[in-house]
>>> print(open('my_file.json').read())   # JSON, C-alpha atoms and all ligand atoms
[["chain", "number", "residue", "atom", "x", "y", "z"],
["A", 1, "MET", "CA", 15.52, 19.61, 5.53],
["A", 2, "SER", "CA", 14.38, 16.26, 6.99],
["A", 3, "VAL", "CA", 14.81, 13.05, 5.01],
["A", 4, "LEU", "CA", 11.80, 11.96, 2.99],
["A", 5, "LYS", "CA", 10.12, 8.92, 4.57],
["A", 6, "ILE", "CA", 8.21, 6.37, 2.52],
["A", 7, "LEU", "CA", 6.10, 3.50, 3.85],
["A", 8, "VAL", "CA", 5.52, 0.36, 1.74],
["A", 9, "ILE", "CA", 2.54, -1.86, 2.59],
["A", 10, "PRO", "CA", 2.06, -5.22, 0.86],
["A", 11, "GLY", "CA", -1.54, -6.40, 0.94],
["A", 12, "SER", "CA", -0.75, -10.13, 1.15],
["A", 13, "LEU", "CA", 0.52, -12.32, 3.97],
["A", 14, "ARG", "CA", 1.03, -15.37, 1.73],
["A", 15, "THR", "CA", 4.42, -17.08, 1.71],
["A", 16, "GLY", "CA", 6.00, -16.35, -1.67],
["A", 17, "SER", "CA", 3.46, -13.58, -2.37],
["A", 18, "HIS", "CA", 3.90, -11.90, -5.75],
["A", 19, "ASN", "CA", 2.77, -8.64, -4.16],
["A", 20, "ALA", "CA", 5.19, -8.90, -1.26],
["A", 21, "LYS", "CA", 7.97, -9.40, -3.84],
["A", 22, "LEU", "CA", 6.83, -6.34, -5.75],
["A", 23, "ALA", "CA", 6.74, -4.37, -2.48],
["A", 24, "ALA", "CA", 10.32, -5.49, -1.76],
["A", 25, "ALA", "CA", 11.46, -4.48, -5.26],
["A", 26, "ALA", "CA", 9.78, -1.10, -4.79],
["A", 27, "ALA", "CA", 11.40, -0.59, -1.38],
["A", 28, "HIS", "CA", 14.76, -1.30, -2.97],
["A", 29, "GLU", "CA", 14.05, 1.25, -5.70],
["A", 30, "PHE", "CA", 13.03, 3.88, -3.11],
["A", 31, "ALA", "CA", 16.26, 3.23, -1.22],
["A", 32, "THR", "CA", 18.32, 3.99, -4.36],
["A", 33, "HIS", "CA", 16.88, 7.53, -4.19],
["A", 34, "GLY", "CA", 18.31, 7.97, -0.69],
["A", 35, "VAL", "CA", 14.94, 8.15, 1.05],
["A", 36, "ASP", "CA", 14.15, 6.50, 4.36],
["A", 37, "VAL", "CA", 11.95, 3.53, 3.40],
["A", 38, "SER", "CA", 10.05, 1.22, 5.77],
["A", 39, "ARG", "CA", 8.37, -1.95, 4.50],
["A", 40, "ILE", "CA", 5.91, -3.52, 6.89],
["A", 41, "SER", "CA", 3.82, -6.70, 7.00],
["A", 42, "LEU", "CA", 0.17, -6.49, 7.94],
["A", 43, "ALA", "CA", 0.83, -9.69, 9.95],
["A", 44, "ASP", "CA", 2.25, -7.30, 12.55],
["A", 45, "PHE", "CA", -1.04, -5.39, 12.68],
["A", 46, "PRO", "CA", -3.67, -8.12, 13.13],
["A", 47, "LEU", "CA", -7.19, -6.73, 13.28],
["A", 48, "PRO", "CA", -10.63, -8.24, 13.83],
["A", 49, "MET", "CA", -13.19, -7.82, 11.04],
["A", 50, "TYR", "CA", -14.63, -4.32, 11.37],
["A", 51, "ASP", "CA", -17.77, -4.27, 13.50],
["A", 52, "GLY", "CA", -19.37, -1.06, 14.72],
["A", 53, "ASP", "CA", -20.54, -2.74, 17.93],
["A", 54, "LEU", "CA", -16.98, -3.83, 18.68],
["A", 55, "GLN", "CA", -15.72, -0.28, 18.10],
["A", 56, "ALA", "CA", -18.47, 1.16, 20.32],
["A", 57, "LYS", "CA", -17.60, -1.32, 23.08],
["A", 58, "SER", "CA", -13.80, -1.44, 22.94],
["A", 59, "GLY", "CA", -12.73, 1.45, 20.71],
["A", 60, "VAL", "CA", -10.44, 1.17, 17.70],
["A", 61, "PRO", "CA", -7.95, -1.69, 18.22],
["A", 62, "ARG", "CA", -4.42, -0.82, 19.25],
["A", 63, "HIS", "CA", -2.93, -2.22, 16.04],
["A", 64, "ALA", "CA", -5.06, 0.12, 13.91],
["A", 65, "VAL", "CA", -3.93, 3.09, 16.01],
["A", 66, "ASN", "CA", -0.29, 1.94, 15.71],
["A", 67, "LEU", "CA", -0.58, 1.58, 11.94],
["A", 68, "LYS", "CA", -2.24, 4.99, 11.66],
["A", 69, "ARG", "CA", 0.65, 6.55, 13.58],
["A", 70, "MET", "CA", 3.16, 4.72, 11.40],
["A", 71, "ILE", "CA", 1.45, 6.11, 8.26],
["A", 72, "ALA", "CA", 1.45, 9.57, 9.87],
["A", 73, "ALA", "CA", 5.21, 9.33, 10.39],
["A", 74, "HIS", "CA", 5.80, 8.92, 6.62],
["A", 75, "HIS", "CA", 5.47, 11.47, 3.83],
["A", 76, "GLY", "CA", 4.23, 9.01, 1.22],
["A", 77, "VAL", "CA", 2.82, 5.49, 1.13],
["A", 78, "LEU", "CA", 2.91, 2.71, -1.48],
["A", 79, "VAL", "CA", 0.21, 0.02, -1.19],
["A", 80, "VAL", "CA", 0.73, -3.17, -3.21],
["A", 81, "THR", "CA", -2.47, -5.14, -3.55],
["A", 82, "PRO", "CA", -3.44, -8.61, -4.73],
["A", 83, "GLU", "CA", -6.66, -8.88, -6.74],
["A", 84, "TYR", "CA", -9.45, -11.00, -5.28],
["A", 85, "ASN", "CA", -12.59, -11.35, -7.37],
["A", 86, "SER", "CA", -11.83, -8.12, -9.22],
["A", 87, "SER", "CA", -11.29, -6.11, -6.06],
["A", 88, "VAL", "CA", -8.97, -5.66, -3.08],
["A", 89, "PRO", "CA", -8.58, -8.54, -0.59],
["A", 90, "PRO", "CA", -10.48, -8.30, 2.70],
["A", 91, "LEU", "CA", -7.21, -7.98, 4.64],
["A", 92, "LEU", "CA", -6.44, -4.69, 2.95],
["A", 93, "LYS", "CA", -9.98, -3.30, 2.93],
["A", 94, "ASN", "CA", -10.48, -4.18, 6.59],
["A", 95, "THR", "CA", -7.17, -2.59, 7.53],
["A", 96, "ILE", "CA", -8.02, 0.64, 5.69],
["A", 97, "ASP", "CA", -11.51, 0.65, 7.25],
["A", 98, "TRP", "CA", -10.10, 0.40, 10.77],
["A", 99, "VAL", "CA", -7.36, 2.98, 10.16],
["A", 100, "SER", "CA", -9.97, 5.37, 8.75],
["A", 101, "ARG", "CA", -11.77, 5.19, 12.13],
["A", 102, "VAL", "CA", -8.74, 6.31, 14.15],
["A", 103, "GLN", "CA", -9.09, 9.74, 15.72],
["A", 104, "ASP", "CA", -6.09, 10.91, 17.71],
["A", 105, "PRO", "CA", -6.48, 14.00, 19.94],
["A", 106, "HIS", "CA", -6.96, 17.30, 18.04],
["A", 107, "GLU", "CA", -7.48, 15.46, 14.77],
["A", 108, "ALA", "CA", -10.45, 14.64, 12.60],
["A", 109, "ARG", "CA", -11.36, 10.98, 12.22],
["A", 110, "GLY", "CA", -9.32, 9.44, 9.41],
["A", 111, "GLU", "CA", -7.19, 12.57, 9.10],
["A", 112, "VAL", "CA", -4.07, 10.52, 8.44],
["A", 113, "PHE", "CA", -5.28, 10.01, 4.86],
["A", 114, "PHE", "CA", -6.15, 13.65, 4.13],
["A", 115, "GLY", "CA", -3.87, 14.96, 1.39],
["A", 116, "ARG", "CA", -1.26, 12.26, 2.03],
["A", 117, "PRO", "CA", 0.41, 11.02, -1.18],
["A", 118, "PHE", "CA", -0.27, 7.36, -1.99],
["A", 119, "ALA", "CA", 0.92, 5.19, -4.86],
["A", 120, "ILE", "CA", -0.75, 1.91, -5.75],
["A", 121, "ALA", "CA", 0.54, -1.25, -7.42],
["A", 122, "ALA", "CA", -0.73, -4.80, -7.96],
["A", 123, "ALA", "CA", 0.64, -8.13, -9.13],
["A", 124, "SER", "CA", -1.36, -11.01, -10.56],
["A", 125, "GLU", "CA", -0.64, -14.09, -12.61],
["A", 126, "ASN", "CA", -3.01, -13.10, -15.38],
["A", 127, "ARG", "CA", -2.69, -10.57, -18.19],
["A", 128, "LEU", "CA", -4.55, -7.78, -16.38],
["A", 129, "GLY", "CA", -2.03, -7.71, -13.54],
["A", 130, "GLY", "CA", -4.60, -6.84, -10.88],
["A", 131, "SER", "CA", -5.78, -3.68, -12.64],
["A", 132, "ARG", "CA", -9.34, -4.10, -11.35],
["A", 133, "ALA", "CA", -8.06, -4.25, -7.78],
["A", 134, "LEU", "CA", -6.19, -1.03, -8.52],
["A", 135, "GLN", "CA", -9.42, 0.65, -9.64],
["A", 136, "ALA", "CA", -11.07, -0.40, -6.40],
["A", 137, "LEU", "CA", -8.10, 0.64, -4.26],
["A", 138, "ARG", "CA", -7.89, 4.05, -5.96],
["A", 139, "LEU", "CA", -11.58, 4.60, -5.22],
["A", 140, "ILE", "CA", -11.23, 3.56, -1.57],
["A", 141, "LEU", "CA", -8.15, 5.69, -0.88],
["A", 142, "SER", "CA", -9.64, 8.66, -2.74],
["A", 143, "ALA", "CA", -12.79, 8.33, -0.63],
["A", 144, "CYS", "CA", -10.50, 8.53, 2.42],
["A", 145, "ARG", "CA", -9.22, 11.82, 0.86],
["A", 146, "ALA", "CA", -5.72, 10.52, 0.13],
["A", 147, "LEU", "CA", -3.85, 11.96, -2.86],
["A", 148, "VAL", "CA", -3.44, 8.92, -5.10],
["A", 149, "ILE", "CA", -0.88, 9.61, -7.83],
["A", 150, "PRO", "CA", -2.12, 9.17, -11.42],
["A", 151, "ASN", "CA", 0.57, 6.60, -12.23],
["A", 152, "GLN", "CA", -0.01, 2.99, -11.15],
["A", 153, "LEU", "CA", 1.61, -0.37, -11.77],
["A", 154, "ALA", "CA", -0.28, -3.56, -12.70],
["A", 155, "LEU", "CA", 2.28, -6.37, -12.92],
["A", 156, "SER", "CA", 1.00, -9.05, -15.33],
["A", 157, "PHE", "CA", 2.10, -12.70, -15.34],
["A", 158, "ALA", "CA", 3.59, -12.20, -11.90],
["A", 159, "ASP", "CA", 4.48, -15.90, -11.56],
["A", 160, "GLN", "CA", 7.11, -15.36, -14.29],
["A", 161, "ALA", "CA", 8.03, -11.78, -13.48],
["A", 162, "TYR", "CA", 10.87, -12.35, -10.98],
["A", 163, "ASP", "CA", 14.28, -13.96, -11.19],
["A", 164, "GLU", "CA", 15.78, -16.28, -8.53],
["A", 165, "MET", "CA", 16.79, -13.21, -6.49],
["A", 166, "ASP", "CA", 13.19, -11.89, -6.63],
["A", 167, "ARG", "CA", 14.23, -9.04, -8.92],
["A", 168, "LEU", "CA", 11.95, -8.03, -11.78],
["A", 169, "ARG", "CA", 13.12, -9.66, -15.02],
["A", 170, "LYS", "CA", 11.52, -7.52, -17.72],
["A", 171, "GLU", "CA", 12.86, -4.09, -18.61],
["A", 172, "ALA", "CA", 9.32, -2.79, -19.12],
["A", 173, "ASP", "CA", 8.33, -3.83, -15.58],
["A", 174, "ILE", "CA", 11.49, -2.29, -14.11],
["A", 175, "GLU", "CA", 10.83, 0.98, -15.94],
["A", 176, "ALA", "CA", 7.19, 1.02, -14.82],
["A", 177, "LEU", "CA", 8.27, 0.55, -11.21],
["A", 178, "LYS", "CA", 10.88, 3.30, -11.49],
["A", 179, "ALA", "CA", 8.28, 5.69, -12.93],
["A", 180, "LEU", "CA", 5.86, 4.91, -10.11],
["A", 181, "VAL", "CA", 8.54, 5.45, -7.48],
["A", 182, "ARG", "CA", 9.64, 8.73, -9.06],
["A", 183, "GLN", "CA", 6.11, 10.10, -9.17],
["A", 184, "LEU", "CA", 5.41, 9.25, -5.53],
["A", 185, "LEU", "CA", 8.71, 10.83, -4.49],
["A", 186, "GLU", "CA", 7.97, 14.00, -6.45],
["A", 187, "LEU", "CA", 4.56, 14.47, -4.89],
["A", 188, "SER", "CA", 5.77, 13.50, -1.39],
["A", 189, "GLN", "CA", 8.56, 16.08, -1.64],
["A", 190, "LYS", "CA", 6.06, 18.78, -2.60],
["A", 191, "THR", "CA", 3.72, 18.01, 0.28],
["A", 192, "MET", "CA", 6.23, 17.21, 3.06],
["B", 1, "LIG", "C1", -10.49, -15.50, -3.41],
["B", 1, "LIG", "C2", -9.56, -15.23, -4.55],
["B", 1, "LIG", "C3", -10.00, -14.51, -5.63],
["B", 1, "LIG", "C4", -9.12, -14.20, -6.67],
["B", 1, "LIG", "N1", -9.55, -13.40, -7.70],
["B", 1, "LIG", "C5", -8.66, -12.95, -8.62],
["B", 1, "LIG", "C6", -9.03, -11.97, -9.57],
["B", 1, "LIG", "O1", -10.15, -11.50, -9.62],
["B", 1, "LIG", "N2", -8.08, -11.55, -10.44],
["B", 1, "LIG", "C7", -6.79, -12.02, -10.41],
["B", 1, "LIG", "O2", -5.97, -11.56, -11.20],
["B", 1, "LIG", "N3", -6.41, -12.96, -9.51],
["B", 1, "LIG", "C8", -7.32, -13.43, -8.62],
["B", 1, "LIG", "N4", -6.94, -14.34, -7.67],
["B", 1, "LIG", "C9", -5.58, -14.88, -7.72],
["B", 1, "LIG", "C10", -4.62, -14.00, -6.94],
["B", 1, "LIG", "O3", -4.28, -12.87, -7.72],
["B", 1, "LIG", "C11", -3.37, -14.82, -6.65],
["B", 1, "LIG", "O4", -3.74, -15.78, -5.67],
["B", 1, "LIG", "C12", -2.21, -13.99, -6.18],
["B", 1, "LIG", "O5", -1.07, -14.83, -6.13],
["B", 1, "LIG", "C13", -2.50, -13.36, -4.81],
["B", 1, "LIG", "O6", -1.50, -12.43, -4.50],
["B", 1, "LIG", "P1", -0.19, -12.81, -3.65],
["B", 1, "LIG", "O7", 0.65, -13.69, -4.54],
["B", 1, "LIG", "O8", 0.46, -11.50, -3.40],
["B", 1, "LIG", "O9", -0.62, -13.51, -2.39],
["B", 1, "LIG", "C14", -7.79, -14.68, -6.64],
["B", 1, "LIG", "C15", -7.37, -15.44, -5.54],
["B", 1, "LIG", "C16", -8.23, -15.70, -4.50],
["B", 1, "LIG", "C17", -7.73, -16.47, -3.30]]
>>> encode(input="my_file.json", output="structure tokens", more="lines below")
Ligand SMILES: Cc1cc2nc3c(=O)[nH]c(=O)nc-3n(C[C@H](O)[C@H](O)[C@H](O)COP(=O)(O)O)c2cc1C
Amino acid sequence: MSVLKILVIPGSLRTGSHNAKLAAAAAHEFATHGVDVSRISLADFPLPMYDGDLQAKSGVPRHAVNLKRMIAAHHGVLVVTPEYNSSVPPLLKNTIDWVSRVQDPHEARGEVFFGRPFAIAAASENRLGGSRALQALRLILSACRALVIPNQLALSFADQAYDEMDRLRKEADIEALKALVRQLLELSQKTM
């Protein structure tokens, strides 16, 4: 049986990003289960703002196609999103929009999402921990026909959540991350 492959996508490019730290902690947790985990930065997949005229003229940008193929090469995906004005940041929404337009030969458009297990997490400095961004992200990914696991992680007070090694400090946060990781692994194993 092939090794389970998990992709982790942080939705922030900011230096010191709380969400990038959470993505790193999650990748570490996946690795403890012996799965093959890849953590990317969307800085390596720069995309113009979606524009139908641009797509009609030049097609879907190469970076969107590359990211789609990277997602396709993994059995499950974790997306870790910041919350901007109660929703997902434009970087993440724009990336998902472009990837949903990719149509490789013998595939339906956006097929990479169909039935693929996704987990979602967020980190924010306030009490809600980005839970409204999670609602929005769940809706977007579900509309793309991804299988978004019921569990999710909203990390509150993210500015105080990590130690000097960027590890989660609180037992409750560590347990919530472990539960999220376990549930994505279980579903990814069933659908691989
Ligand atoms: C335009 C903008 C809107 C924001 N809106 C929210 C919000 O609605 N809820 C929230 O918890 N934080 C909000 N924030 C604060 C972000 O959660 C905070 O900047 C966070 O550190 C971003 O994630 P990162 O650390 O991973 O880059 C907002 C920040 C920006 C720049």
>>> residues_around(input="my_file.json", residues="range 169-185 of chain A", least_positions_apart="3", cutoff="7 Å", atoms="all atoms listed in the file", output="JSON, numbers by chain")
{"A": [26, 29, 30, 76, 117, 118, 119, 149, 151, 152, 153, 161, 162, 163, 188, 189]}
>>> axis_aligned_box(input="my_file.json", around="ligand LIG 1 (chain B)", padding_each_side="4 Å", output="JSON")
{"center_x": -4.9, "center_y": -14.0, "center_z": -6.8, "size_x": 19.1, "size_y": 13.0, "size_z": 16.8}
>>> residues_around(input="my_file.json", residues="Pro61 in chain A", least_positions_apart="6", cutoff="10 Å", atoms="all atoms listed in the file", output="list in words")
Phe45, Pro46, Leu47, Pro48, Tyr50, Leu54, Gln55, Trp98, Val99, Arg101 and Val102 of chain A
>>> write_last_selection(input="my_file.json", atoms="C-alpha atoms", output="tab-separated table (two decimals), in the coordinates of the input")
chain	number	residue	atom	x	y	z
A	45	PHE	CA	-1.04	-5.39	12.68
A	46	PRO	CA	-3.67	-8.12	13.13
A	47	LEU	CA	-7.19	-6.73	13.28
A	48	PRO	CA	-10.63	-8.24	13.83
A	50	TYR	CA	-14.63	-4.32	11.37
A	54	LEU	CA	-16.98	-3.83	18.68
A	55	GLN	CA	-15.72	-0.28	18.10
A	98	TRP	CA	-10.10	0.40	10.77
A	99	VAL	CA	-7.36	2.98	10.16
A	101	ARG	CA	-11.77	5.19	12.13
A	102	VAL	CA	-8.74	6.31	14.15
>>> residues_near_ligand(input="my_file.json", ligand="ligand LIG 1 (chain B)", cutoff="10 Å", atoms="only C-alpha atoms and all ligand atoms", output="number ranges by chain")
A: 10-23, 80-90, 122-133, 154-159
>>> atom_distance(input="my_file.json", atom1="CA of Ala31 in chain A", atom2="CA of Ile9 in chain A")
15.1 Å
>>> atom_distance(input="my_file.json", atom1="CA of Leu67 in chain A", atom2="CA of Asp166 in chain A")
26.8 Å
>>> atom_distance(input="my_file.json", atom1="CA of Glu107 in chain A", atom2="CA of Ala72 in chain A")
11.8 Å
>>> closest_residue(input="my_file.json", among="A:Ala24, A:Ala43, A:Met49, A:Val148", to="Val8 in chain A", atoms="all atoms listed in the file")
A:Ala24
>>> closest_residue(input="my_file.json", among="A:Ala64, A:Val112, A:Leu4, A:Leu134", to="Pro150 in chain A", atoms="only C-alpha atoms")
A:Leu134
>>> closest_residue(input="my_file.json", among="A:Asn94, A:Ile71, A:Ala25, A:Leu141", to="Asp51 in chain A", atoms="all atoms listed in the file")
A:Asn94
>>> residues_around(input="my_file.json", residues="Gln103 in chain A", least_positions_apart="5", cutoff="10 Å", atoms="only C-alpha atoms", output="ChimeraX atom specification")
/A:60,65,68,108-112
>>> closest_residue(input="my_file.json", among="A:Arg69, A:Leu139, A:Val3, A:Arg116", to="Val37 in chain A", atoms="only C-alpha atoms")
A:Val3
